[in-house]
Amino acid sequence: AGTRDELLAKIEKQLKPKRFKHVQRVEQTAIALAQMNDVDVEKASIAGLVHDYAKQRPDEDFIAAIKQYQLDPILLNYGNAIWHGVVGAELIKHELGIYDEDILNAVRHHTTGAIYMSPLEQIIYTADYIEPARDFPGVDEARQLADKNLAKAVAFQAKYTLAYLVENGKPVYPKSIDTYNAWVPRYP
Ligand code: DGI
Ligand code: FE
Ligand code: FE
Ligand code: FE
């Protein structure tokens with residue numbers, strides 16, 4: 001790990017301009033949520049910047065990494081939507097030298113959530129959903145919840161993401177269902 005500028009340059013090399021702008025908006029949203037929730041602002045910044053680091057890697061890179069790092073072979077049944085976070089965290093560790101497990105878990109869980117999420121993980125999961133360019137029915141309600149109660153924003157997203165996946169006949173990664181069960185009944 002080096003300076004923020006060095007990190008930014010490495011991320012920019014991996015991403016198309018649109019995606020690079022998205023991760024910078026997630027960074028800013030994550031910093032604001034960190035300030036509101038007494039979470040380490042620098043960790044929020046780094047996690048926001050790196051969360052989609054692997055989003056534009058070819059499938060072969062993920063398949064190789066699943067084998068090399070002996071990740072759950074069930075992952076092979078999924079695709080980029082799941083791999084870029086879960087497997088992306090391993091690429092971030094080895095290519096960027098980021099070893100902070102809270103940051104790595106925030107990347108791992110940013111798409112599906114998890115039963116247990118630290119405050120930083122909740123922030124990245126939420127910031128990715130509500131960053132200023134996001135525009136979908138419900139995003140304003142999600143933003144209002146995030147300003148008041150981070151856990152309720154997590155539950156809101158877990159509920160509507162699962163509904164979206166089912167509605168569209170997409171494969172549901174088991175962790176997405178675990179997240180729903182852990183958060184939605186608890187934070188109505
Ligand atoms: O990478 P981003 O586009 O910023 O956002 P993301 O990583 O949160 O989500 C990427 C996509 O993954 C989004 O369209 C929702 C989808 N997704 C979330 N949970 C699941 C999922 N897709 C599948 N197939 N299964 C899931 O459980
Ligand atoms: Fe993502
Ligand atoms: Fe997300
Ligand atoms: Fe993202």
# chains A, B, ... in the order shown; residues from 1 in each chain; ligands from 1
>>> residues_near_ligand(ligand="ligand 3", cutoff="7 Å", atoms="only C-alpha atoms and all ligand atoms", output="short mmCIF file (atom, residue, chain, number, x, y, z; two decimals) with C-alpha atoms, in the first residue's frame")
data_model
loop_
_atom_site.label_atom_id
_atom_site.label_comp_id
_atom_site.auth_asym_id
_atom_site.auth_seq_id
_atom_site.Cartn_x
_atom_site.Cartn_y
_atom_site.Cartn_z
CA HIS A 110 -20.63 -5.49 -1.00
CA THR A 111 -22.92 -7.26 -3.51
CA TYR A 125 -22.93 -2.16 0.97
CA ASP A 128 -22.81 1.35 -3.41
CA TYR A 129 -26.62 1.31 -3.43
#
>>> residues_near_ligand(ligand="ligand 2", cutoff="10 Å", atoms="only C-alpha atoms and all ligand atoms", output="list in words")
Arg19, His22, Val23, Val50, His51, Asp52, Tyr53, Ala54, Lys55, Asn80, Ala81, Ile82, Trp83, His84, Gly85, Val86, Gly88, Val107, Arg108, His109, His110, Thr111, Thr112, Ile124, Tyr125, Asp128 and Tyr129 of chain A
>>> closest_residue(among="A:Asn77, A:Thr126, A:Asn149, A:Gln144", to="A:Ile31", atoms="only C-alpha atoms")
A:Thr126
>>> atom_distance(atom1="atom 17 (N, counted along the ligand's line) of ligand 1", atom2="atom CA of A:Ala155")
15.0 Å
>>> residues_around(residues="A:Leu96", least_positions_apart="5", cutoff="12 Å", atoms="only C-alpha atoms", output="JSON, numbers by chain")
{"A": [1, 2, 3, 4, 6, 7, 8, 9, 10, 11, 14, 46, 49, 50, 53, 54, 88, 89, 90, 91, 104]}
>>> write_last_selection(atoms="N, CA and C atoms", output="PDB file, in the first residue's frame")
ATOM      1  N   ALA A   1       0.841  -1.217   0.000  1.00  0.00           N
ATOM      2  CA  ALA A   1       0.000   0.000   0.000  1.00  0.00           C
ATOM      3  C   ALA A   1       0.866   1.254   0.000  1.00  0.00           C
ATOM      4  N   GLY A   2       0.433   2.273  -0.715  1.00  0.00           N
ATOM      5  CA  GLY A   2       1.188   3.527  -0.758  1.00  0.00           C
ATOM      6  C   GLY A   2       0.269   4.696  -0.496  1.00  0.00           C
ATOM      7  N   THR A   3       0.424   5.763  -1.240  1.00  0.00           N
ATOM      8  CA  THR A   3      -0.428   6.929  -1.040  1.00  0.00           C
ATOM      9  C   THR A   3      -1.767   6.737  -1.750  1.00  0.00           C
ATOM     10  N   ARG A   4      -2.719   7.617  -1.434  1.00  0.00           N
ATOM     11  CA  ARG A   4      -4.016   7.561  -2.079  1.00  0.00           C
ATOM     12  C   ARG A   4      -3.886   7.764  -3.591  1.00  0.00           C
ATOM     13  N   GLU A   6      -1.377   6.938  -5.526  1.00  0.00           N
ATOM     14  CA  GLU A   6      -0.884   5.688  -6.122  1.00  0.00           C
ATOM     15  C   GLU A   6      -2.014   4.674  -6.246  1.00  0.00           C
ATOM     16  N   LEU A   7      -2.834   4.592  -5.193  1.00  0.00           N
ATOM     17  CA  LEU A   7      -3.968   3.661  -5.214  1.00  0.00           C
ATOM     18  C   LEU A   7      -4.942   4.057  -6.330  1.00  0.00           C
ATOM     19  N   LEU A   8      -5.259   5.347  -6.405  1.00  0.00           N
ATOM     20  CA  LEU A   8      -6.175   5.831  -7.458  1.00  0.00           C
ATOM     21  C   LEU A   8      -5.670   5.466  -8.844  1.00  0.00           C
ATOM     22  N   ALA A   9      -4.370   5.641  -9.078  1.00  0.00           N
ATOM     23  CA  ALA A   9      -3.789   5.344 -10.395  1.00  0.00           C
ATOM     24  C   ALA A   9      -3.934   3.863 -10.724  1.00  0.00           C
ATOM     25  N   LYS A  10      -3.709   3.004  -9.730  1.00  0.00           N
ATOM     26  CA  LYS A  10      -3.844   1.552  -9.968  1.00  0.00           C
ATOM     27  C   LYS A  10      -5.295   1.181 -10.271  1.00  0.00           C
ATOM     28  N   ILE A  11      -6.226   1.818  -9.593  1.00  0.00           N
ATOM     29  CA  ILE A  11      -7.647   1.526  -9.820  1.00  0.00           C
ATOM     30  C   ILE A  11      -8.069   2.033 -11.197  1.00  0.00           C
ATOM     31  N   GLN A  14      -7.557  -0.241 -14.043  1.00  0.00           N
ATOM     32  CA  GLN A  14      -8.388  -1.454 -14.097  1.00  0.00           C
ATOM     33  C   GLN A  14      -9.792  -1.183 -14.615  1.00  0.00           C
ATOM     34  N   ILE A  46     -10.768   3.964   1.391  1.00  0.00           N
ATOM     35  CA  ILE A  46     -10.067   2.899   0.653  1.00  0.00           C
ATOM     36  C   ILE A  46     -11.062   1.834   0.192  1.00  0.00           C
ATOM     37  N   LEU A  49     -13.131   3.034  -2.721  1.00  0.00           N
ATOM     38  CA  LEU A  49     -12.362   3.098  -3.972  1.00  0.00           C
ATOM     39  C   LEU A  49     -12.105   1.716  -4.561  1.00  0.00           C
ATOM     40  N   VAL A  50     -11.835   0.715  -3.720  1.00  0.00           N
ATOM     41  CA  VAL A  50     -11.432  -0.594  -4.255  1.00  0.00           C
ATOM     42  C   VAL A  50     -12.605  -1.560  -4.450  1.00  0.00           C
ATOM     43  N   TYR A  53     -12.865  -2.990  -7.822  1.00  0.00           N
ATOM     44  CA  TYR A  53     -11.547  -3.119  -8.477  1.00  0.00           C
ATOM     45  C   TYR A  53     -11.538  -4.205  -9.556  1.00  0.00           C
ATOM     46  N   ALA A  54     -12.209  -5.344  -9.282  1.00  0.00           N
ATOM     47  CA  ALA A  54     -12.124  -6.496 -10.185  1.00  0.00           C
ATOM     48  C   ALA A  54     -13.305  -6.590 -11.155  1.00  0.00           C
ATOM     49  N   GLY A  88     -12.801 -10.849  -6.020  1.00  0.00           N
ATOM     50  CA  GLY A  88     -12.097  -9.580  -6.175  1.00  0.00           C
ATOM     51  C   GLY A  88     -11.289  -9.219  -4.928  1.00  0.00           C
ATOM     52  N   ALA A  89     -11.819  -9.561  -3.745  1.00  0.00           N
ATOM     53  CA  ALA A  89     -11.098  -9.254  -2.496  1.00  0.00           C
ATOM     54  C   ALA A  89      -9.721  -9.926  -2.480  1.00  0.00           C
ATOM     55  N   GLU A  90      -9.646 -11.146  -3.017  1.00  0.00           N
ATOM     56  CA  GLU A  90      -8.347 -11.845  -3.055  1.00  0.00           C
ATOM     57  C   GLU A  90      -7.394 -11.152  -4.027  1.00  0.00           C
ATOM     58  N   LEU A  91      -7.922 -10.675  -5.154  1.00  0.00           N
ATOM     59  CA  LEU A  91      -7.072  -9.966  -6.125  1.00  0.00           C
ATOM     60  C   LEU A  91      -6.560  -8.662  -5.510  1.00  0.00           C
ATOM     61  N   LEU A 104     -11.263  -5.839   3.360  1.00  0.00           N
ATOM     62  CA  LEU A 104     -11.459  -6.969   2.443  1.00  0.00           C
ATOM     63  C   LEU A 104     -12.864  -7.548   2.589  1.00  0.00           C
TER      64      LEU A 104
END
>>> atom_distance(atom1="atom 19 (N, counted along the ligand's line) of ligand 1", atom2="atom CA of A:Ser176")
5.9 Å
>>> closest_residue(among="A:Pro58, A:Gly97, A:Pro119, A:Gly48", to="ligand 1", atoms="only C-alpha atoms and all ligand atoms")
A:Gly48
>>> select_by_dssp(residues="stretch 28-151 of chain A", states="alpha helix (DSSP H)", output="ChimeraX atom specification")
/A:28-36,41-50,59-68,80-86,88-96,101-108,119-130,139-148,150-151
>>> decode(residues="stretch 140-183 of chain A", atoms="N, CA and C atoms", output="PDB file, in the first residue's frame")
ATOM      1  N   ASP A 140     -34.585   6.902  -3.133  1.00  0.00           N
ATOM      2  CA  ASP A 140     -34.698   8.022  -2.196  1.00  0.00           C
ATOM      3  C   ASP A 140     -35.067   7.542  -0.802  1.00  0.00           C
ATOM      4  N   GLU A 141     -35.927   6.517  -0.730  1.00  0.00           N
ATOM      5  CA  GLU A 141     -36.248   5.936   0.576  1.00  0.00           C
ATOM      6  C   GLU A 141     -34.993   5.318   1.205  1.00  0.00           C
ATOM      7  N   ALA A 142     -34.191   4.645   0.365  1.00  0.00           N
ATOM      8  CA  ALA A 142     -32.948   4.049   0.874  1.00  0.00           C
ATOM      9  C   ALA A 142     -32.010   5.141   1.407  1.00  0.00           C
ATOM     10  N   ARG A 143     -31.931   6.275   0.701  1.00  0.00           N
ATOM     11  CA  ARG A 143     -31.064   7.383   1.156  1.00  0.00           C
ATOM     12  C   ARG A 143     -31.550   7.942   2.490  1.00  0.00           C
ATOM     13  N   GLN A 144     -32.878   8.102   2.617  1.00  0.00           N
ATOM     14  CA  GLN A 144     -33.425   8.632   3.875  1.00  0.00           C
ATOM     15  C   GLN A 144     -33.152   7.684   5.032  1.00  0.00           C
ATOM     16  N   LEU A 145     -33.316   6.373   4.783  1.00  0.00           N
ATOM     17  CA  LEU A 145     -33.028   5.396   5.835  1.00  0.00           C
ATOM     18  C   LEU A 145     -31.556   5.452   6.224  1.00  0.00           C
ATOM     19  N   ALA A 146     -30.672   5.549   5.221  1.00  0.00           N
ATOM     20  CA  ALA A 146     -29.230   5.555   5.500  1.00  0.00           C
ATOM     21  C   ALA A 146     -28.837   6.753   6.358  1.00  0.00           C
ATOM     22  N   ASP A 147     -29.529   7.867   6.178  1.00  0.00           N
ATOM     23  CA  ASP A 147     -29.223   9.059   6.978  1.00  0.00           C
ATOM     24  C   ASP A 147     -29.645   8.896   8.434  1.00  0.00           C
ATOM     25  N   LYS A 148     -30.601   7.987   8.685  1.00  0.00           N
ATOM     26  CA  LYS A 148     -31.133   7.831  10.038  1.00  0.00           C
ATOM     27  C   LYS A 148     -30.608   6.597  10.742  1.00  0.00           C
ATOM     28  N   ASN A 149     -30.521   5.490   9.984  1.00  0.00           N
ATOM     29  CA  ASN A 149     -30.279   4.193  10.622  1.00  0.00           C
ATOM     30  C   ASN A 149     -29.669   3.240   9.599  1.00  0.00           C
ATOM     31  N   LEU A 150     -28.358   3.040   9.721  1.00  0.00           N
ATOM     32  CA  LEU A 150     -27.608   2.243   8.745  1.00  0.00           C
ATOM     33  C   LEU A 150     -28.155   0.817   8.625  1.00  0.00           C
ATOM     34  N   ALA A 151     -28.478   0.194   9.746  1.00  0.00           N
ATOM     35  CA  ALA A 151     -28.966  -1.190   9.719  1.00  0.00           C
ATOM     36  C   ALA A 151     -30.284  -1.288   8.951  1.00  0.00           C
ATOM     37  N   LYS A 152     -31.136  -0.265   9.092  1.00  0.00           N
ATOM     38  CA  LYS A 152     -32.401  -0.297   8.344  1.00  0.00           C
ATOM     39  C   LYS A 152     -32.164  -0.131   6.850  1.00  0.00           C
ATOM     40  N   ALA A 153     -31.145   0.626   6.485  1.00  0.00           N
ATOM     41  CA  ALA A 153     -30.801   0.755   5.064  1.00  0.00           C
ATOM     42  C   ALA A 153     -30.286  -0.572   4.510  1.00  0.00           C
ATOM     43  N   VAL A 154     -29.521  -1.294   5.322  1.00  0.00           N
ATOM     44  CA  VAL A 154     -29.038  -2.628   4.914  1.00  0.00           C
ATOM     45  C   VAL A 154     -30.235  -3.557   4.693  1.00  0.00           C
ATOM     46  N   ALA A 155     -31.166  -3.570   5.639  1.00  0.00           N
ATOM     47  CA  ALA A 155     -32.334  -4.443   5.534  1.00  0.00           C
ATOM     48  C   ALA A 155     -33.172  -4.093   4.308  1.00  0.00           C
ATOM     49  N   PHE A 156     -33.344  -2.812   4.070  1.00  0.00           N
ATOM     50  CA  PHE A 156     -34.120  -2.352   2.900  1.00  0.00           C
ATOM     51  C   PHE A 156     -33.513  -2.891   1.617  1.00  0.00           C
ATOM     52  N   GLN A 157     -32.212  -2.739   1.472  1.00  0.00           N
ATOM     53  CA  GLN A 157     -31.527  -3.217   0.266  1.00  0.00           C
ATOM     54  C   GLN A 157     -31.602  -4.736   0.133  1.00  0.00           C
ATOM     55  N   ALA A 158     -31.414  -5.450   1.244  1.00  0.00           N
ATOM     56  CA  ALA A 158     -31.458  -6.921   1.206  1.00  0.00           C
ATOM     57  C   ALA A 158     -32.823  -7.381   0.699  1.00  0.00           C
ATOM     58  N   LYS A 159     -33.874  -6.715   1.158  1.00  0.00           N
ATOM     59  CA  LYS A 159     -35.241  -7.088   0.768  1.00  0.00           C
ATOM     60  C   LYS A 159     -35.490  -6.807  -0.713  1.00  0.00           C
ATOM     61  N   TYR A 160     -35.150  -5.601  -1.167  1.00  0.00           N
ATOM     62  CA  TYR A 160     -35.475  -5.230  -2.543  1.00  0.00           C
ATOM     63  C   TYR A 160     -34.549  -5.886  -3.562  1.00  0.00           C
ATOM     64  N   THR A 161     -33.324  -6.172  -3.166  1.00  0.00           N
ATOM     65  CA  THR A 161     -32.431  -6.876  -4.094  1.00  0.00           C
ATOM     66  C   THR A 161     -32.912  -8.311  -4.296  1.00  0.00           C
ATOM     67  N   LEU A 162     -33.287  -8.974  -3.214  1.00  0.00           N
ATOM     68  CA  LEU A 162     -33.785 -10.353  -3.351  1.00  0.00           C
ATOM     69  C   LEU A 162     -35.058 -10.371  -4.196  1.00  0.00           C
ATOM     70  N   ALA A 163     -35.950  -9.414  -3.946  1.00  0.00           N
ATOM     71  CA  ALA A 163     -37.192  -9.347  -4.729  1.00  0.00           C
ATOM     72  C   ALA A 163     -36.877  -9.152  -6.216  1.00  0.00           C
ATOM     73  N   TYR A 164     -35.898  -8.299  -6.517  1.00  0.00           N
ATOM     74  CA  TYR A 164     -35.488  -8.046  -7.902  1.00  0.00           C
ATOM     75  C   TYR A 164     -34.931  -9.313  -8.555  1.00  0.00           C
ATOM     76  N   LEU A 165     -34.107 -10.051  -7.825  1.00  0.00           N
ATOM     77  CA  LEU A 165     -33.509 -11.267  -8.383  1.00  0.00           C
ATOM     78  C   LEU A 165     -34.591 -12.297  -8.687  1.00  0.00           C
ATOM     79  N   VAL A 166     -35.520 -12.493  -7.750  1.00  0.00           N
ATOM     80  CA  VAL A 166     -36.600 -13.470  -7.931  1.00  0.00           C
ATOM     81  C   VAL A 166     -37.504 -13.037  -9.090  1.00  0.00           C
ATOM     82  N   GLU A 167     -37.866 -11.752  -9.092  1.00  0.00           N
ATOM     83  CA  GLU A 167     -38.749 -11.218 -10.145  1.00  0.00           C
ATOM     84  C   GLU A 167     -38.168 -11.460 -11.537  1.00  0.00           C
ATOM     85  N   ASN A 168     -36.841 -11.400 -11.643  1.00  0.00           N
ATOM     86  CA  ASN A 168     -36.193 -11.518 -12.942  1.00  0.00           C
ATOM     87  C   ASN A 168     -35.600 -12.901 -13.208  1.00  0.00           C
ATOM     88  N   GLY A 169     -35.920 -13.862 -12.344  1.00  0.00           N
ATOM     89  CA  GLY A 169     -35.467 -15.229 -12.581  1.00  0.00           C
ATOM     90  C   GLY A 169     -33.971 -15.409 -12.551  1.00  0.00           C
ATOM     91  N   LYS A 170     -33.270 -14.566 -11.768  1.00  0.00           N
ATOM     92  CA  LYS A 170     -31.805 -14.662 -11.675  1.00  0.00           C
ATOM     93  C   LYS A 170     -31.414 -15.689 -10.621  1.00  0.00           C
ATOM     94  N   PRO A 171     -30.249 -16.306 -10.772  1.00  0.00           N
ATOM     95  CA  PRO A 171     -29.787 -17.216  -9.718  1.00  0.00           C
ATOM     96  C   PRO A 171     -29.463 -16.422  -8.453  1.00  0.00           C
ATOM     97  N   VAL A 172     -29.937 -16.913  -7.311  1.00  0.00           N
ATOM     98  CA  VAL A 172     -29.689 -16.232  -6.039  1.00  0.00           C
ATOM     99  C   VAL A 172     -28.541 -16.938  -5.320  1.00  0.00           C
ATOM    100  N   TYR A 173     -27.488 -16.199  -5.046  1.00  0.00           N
ATOM    101  CA  TYR A 173     -26.358 -16.731  -4.284  1.00  0.00           C
ATOM    102  C   TYR A 173     -26.843 -16.939  -2.850  1.00  0.00           C
ATOM    103  N   PRO A 174     -26.583 -18.112  -2.252  1.00  0.00           N
ATOM    104  CA  PRO A 174     -27.161 -18.401  -0.935  1.00  0.00           C
ATOM    105  C   PRO A 174     -26.928 -17.296   0.102  1.00  0.00           C
ATOM    106  N   LYS A 175     -25.777 -16.637   0.025  1.00  0.00           N
ATOM    107  CA  LYS A 175     -25.502 -15.565   0.981  1.00  0.00           C
ATOM    108  C   LYS A 175     -26.520 -14.418   0.886  1.00  0.00           C
ATOM    109  N   SER A 176     -27.077 -14.194  -0.303  1.00  0.00           N
ATOM    110  CA  SER A 176     -28.088 -13.137  -0.440  1.00  0.00           C
ATOM    111  C   SER A 176     -29.345 -13.489   0.359  1.00  0.00           C
ATOM    112  N   ILE A 177     -29.672 -14.788   0.402  1.00  0.00           N
ATOM    113  CA  ILE A 177     -30.831 -15.241   1.187  1.00  0.00           C
ATOM    114  C   ILE A 177     -30.509 -15.173   2.679  1.00  0.00           C
ATOM    115  N   ASP A 178     -29.278 -15.569   3.030  1.00  0.00           N
ATOM    116  CA  ASP A 178     -28.853 -15.462   4.436  1.00  0.00           C
ATOM    117  C   ASP A 178     -28.960 -14.008   4.912  1.00  0.00           C
ATOM    118  N   THR A 179     -28.548 -13.086   4.043  1.00  0.00           N
ATOM    119  CA  THR A 179     -28.590 -11.665   4.403  1.00  0.00           C
ATOM    120  C   THR A 179     -30.030 -11.226   4.639  1.00  0.00           C
ATOM    121  N   TYR A 180     -30.905 -11.634   3.728  1.00  0.00           N
ATOM    122  CA  TYR A 180     -32.333 -11.320   3.893  1.00  0.00           C
ATOM    123  C   TYR A 180     -32.830 -11.812   5.257  1.00  0.00           C
ATOM    124  N   ASN A 181     -32.570 -13.090   5.564  1.00  0.00           N
ATOM    125  CA  ASN A 181     -33.090 -13.675   6.809  1.00  0.00           C
ATOM    126  C   ASN A 181     -32.499 -13.016   8.060  1.00  0.00           C
ATOM    127  N   ALA A 182     -31.233 -12.615   7.970  1.00  0.00           N
ATOM    128  CA  ALA A 182     -30.572 -12.041   9.151  1.00  0.00           C
ATOM    129  C   ALA A 182     -31.012 -10.598   9.416  1.00  0.00           C
ATOM    130  N   TRP A 183     -31.331  -9.860   8.365  1.00  0.00           N
ATOM    131  CA  TRP A 183     -31.535  -8.414   8.523  1.00  0.00           C
ATOM    132  C   TRP A 183     -32.989  -7.965   8.391  1.00  0.00           C
TER     133      TRP A 183
END
